[in-house]
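Have a look at the structure below before the remarks.
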Amino acid sequence: MKQELIDCRNRIDKYIHKTPVLTSHLLNKLTGSELYFKCENFQRMGAFKIRGALNALLNLSDEERNRGVVTHSSGNFAQALSLAAQTLGAKAYIVMPSTAPEVKKKAVNGYGGEIILCEPTLKSRIETAEKIKEERGAVLVHSSNDINVVLGQGTAAMELFEEQPGLNCVIAPVGGGGLIAGTSLAVNYFGNNCKTIGGEPFEADDAYRSLQSGKIEHNKTTNTIADGLKTELGDITFPIIQKYVDLIIRVEEKEIIAAMKLIWERMKIVVEPSGAVPFAALIREKEKFKNQKVGIILSGGNIDLGNLPF
């Protein structure tokens with residue numbers, strides 16, 4: 001898998017931004033740790049997901065790309081796959097729930113994706129995507145449960161290690177598991193006795209419970225402000241997480257908002273609630289990280305500025 005990560009990094013390199021790693025003396029002092037924020041909020045389309053989307057498309061044959069790709073997503077992956085397809089001259093069909101925010105629909109349209117609306121249920125999303133796949137011959141690309149997507153997401157941590165090779169741990173948010181799985185692979189192959197830690201809302205803690213039970217658990221409700229973390233683990237992401245993730249720390253909604261506000265105020269950068277979850281996890285358990293060098297993946301900065309939580 002190490003070589004696959006290296007190949008992936010070389011494959012997508014010319015299409016993505018090498019995002020900056022920022023530090024804050026004030027936040028270091030506040031937490032008692034040496035923090036290195038990998039700022040994927042500065043990535044193309046505003047989030048890490050373009051990495052996995054590009055790798056998935058670049059692994060298709062010319063004939064498959066010519067048929068187009070389809071996914072179901074109401075958030076960042078919808079935008080990522082649309083932009084990746086536009087970049088590579090392919091067609092992207094994006095199944096979105098009818099309740100998806102207008103700002104996200106506009107973003108998908110802006111990146112050239114064709115939106116197909118469906119009922120706001122996971123069942124409807126899956127069925128509609130399958131229908132598009134059958135009718136139009138498009139290749140289905142899952143937002144997280146796809147090994148090429150996972151490898152793409154792992155390149156963010158690879159870049160982080162190039163700048164800071166001596167990290168004690170890397171903390172990433174956990175939603176569908178693509179980012180944390182990819183991060184854990186990168187940590188395993190390119191870190192030096194480094195740990196992978198996940199941050200997850202209590203309101204959508206399926207990954208935490210899955211690690212406890214040893215099987216994929218589901219969420220009955222997902223009442224969290226971290227809208228990018230409402231999705232669940234899959235049969236590709238879960239075994240990787242089981243093997244390589246050391247710990248998942250759950251956080252409350254007020255802790256996510258407080259961490260997000262701190263980043264905005266002290267670092268002067270825009271980060272969405274999902275991206276603030278790893279920092280919230282570190283603050284909640286800051287004694288665990290005392291005097292350690294910690295990498296934090298700020299996964300994205302796509303937020304409706306007219307609807308801030310503070």
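Going by the structure tokens order, chains are called A, B, ..., each with residues numbered from 1, while ligands are numbered from 1 in the order shown.
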Handout entry: Contacts of A:Gln3 at 12 Å (only C-alpha atoms; same-chain gap of 6+ positions) as a PyMOL selection string
Key = chain A and resi 9-10+151+185-186+189-190
Practice task
Give me the residues within 10 Å of A:Asp246 as a PyMOL selection string, counting only C-alpha atoms and dropping any in the same chain fewer than 4 places off.
Solution key: chain A and resi 169+184+194-198+211+241-242
Can you write just those residues out, C-alpha atoms, as a PDB file, in the first residue's frame?
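Saved the output as result39.pdb:
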ATOM      1  CA  CYS A 169       0.112  11.945  16.237  1.00  0.00           C
ATOM      2  CA  SER A 184      -4.006   6.271   8.948  1.00  0.00           C
ATOM      3  CA  CYS A 194       3.130   8.327  15.022  1.00  0.00           C
ATOM      4  CA  LYS A 195      -0.489   7.632  16.001  1.00  0.00           C
ATOM      5  CA  THR A 196      -3.719   8.292  14.104  1.00  0.00           C
ATOM      6  CA  ILE A 197      -6.574   9.736  16.129  1.00  0.00           C
ATOM      7  CA  GLY A 198     -10.098  10.538  14.959  1.00  0.00           C
ATOM      8  CA  LEU A 211     -14.521   0.231  16.920  1.00  0.00           C
ATOM      9  CA  ILE A 241      -9.722   2.141  10.489  1.00  0.00           C
ATOM     10  CA  GLN A 242      -9.881  -0.981  12.673  1.00  0.00           C
TER      11      GLN A 242
END
Practice task
Mind checking which residues fall within 10 Å of A:Leu27, counting only C-alpha atoms, ignoring those fewer than 4 positions away in the same chain, and posting them as a list of chain:residue names?
Solution key: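 The contact residues come out as A:Thr23, A:Thr31, A:Gly32, A:Ser33, A:Glu34, A:Leu35, A:Leu262, A:Ile263, A:Arg266, A:Met267, A:Ile283.
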With only C-alpha atoms counted and 10 Å as the cut-off, give the residues of stretch 71-133 of chain A in contact with stretch 47-60 of chain A, each with its shortest interatomic distance in Å and the pair that gives it, as a Markdown table.
| residue | atom | partner | partner_atom | distance |
| --- | --- | --- | --- | --- |
| A:Asn76 | CA | A:Lys49 | CA | 6.7 |
| A:Phe77 | CA | A:Lys49 | CA | 5.9 |
| A:Ala78 | CA | A:Lys49 | CA | 9.3 |
| A:Gln79 | CA | A:Ile50 | CA | 8.2 |
| A:Ala80 | CA | A:Ile50 | CA | 4.6 |
| A:Leu81 | CA | A:Ala53 | CA | 5.2 |
| A:Ser82 | CA | A:Ala53 | CA | 8.8 |
| A:Leu83 | CA | A:Ile50 | CA | 7.6 |
| A:Ala84 | CA | A:Leu54 | CA | 5.2 |
| A:Ala85 | CA | A:Leu57 | CA | 7.3 |
| A:Thr87 | CA | A:Leu54 | CA | 8.7 |
| A:Leu88 | CA | A:Leu57 | CA | 8.0 |
| A:Ala90 | CA | A:Leu57 | CA | 8.8 |
Exercise for the section: List the neighbours of A:Leu140 out to 6 Å using only C-alpha atoms; skip same-chain residues closer than 2 positions along the sequence, and give me the result as a PyMOL selection string. Expected result: chain A and resi 69-71
Write a file of the selected residues as a PDB file, in the first residue's frame, keeping N, CA and C atoms.
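Result file follows (result-v9.pdb):
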ATOM      1  N   VAL A  69     -19.179  10.022 -14.713  1.00  0.00           N
ATOM      2  CA  VAL A  69     -19.198   9.456 -13.362  1.00  0.00           C
ATOM      3  C   VAL A  69     -20.434   9.940 -12.624  1.00  0.00           C
ATOM      4  N   VAL A  70     -20.859   9.161 -11.647  1.00  0.00           N
ATOM      5  CA  VAL A  70     -22.020   9.531 -10.836  1.00  0.00           C
ATOM      6  C   VAL A  70     -21.715   9.278  -9.371  1.00  0.00           C
ATOM      7  N   THR A  71     -22.215  10.146  -8.505  1.00  0.00           N
ATOM      8  CA  THR A  71     -22.118   9.945  -7.061  1.00  0.00           C
ATOM      9  C   THR A  71     -23.364  10.502  -6.413  1.00  0.00           C
TER      10      THR A  71
END
Exercise for the section: Quick one: everything within 8 Å of A:Ser144, counting only C-alpha atoms, minus sequence neighbours fewer than 4 positions away in the same chain. Send it as a list of chain:residue names. Expected result: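 That gives A:Val149, A:Val150, A:Gly176, A:Gly177, A:Gly178, A:Leu179, A:Gly234, A:Thr237.
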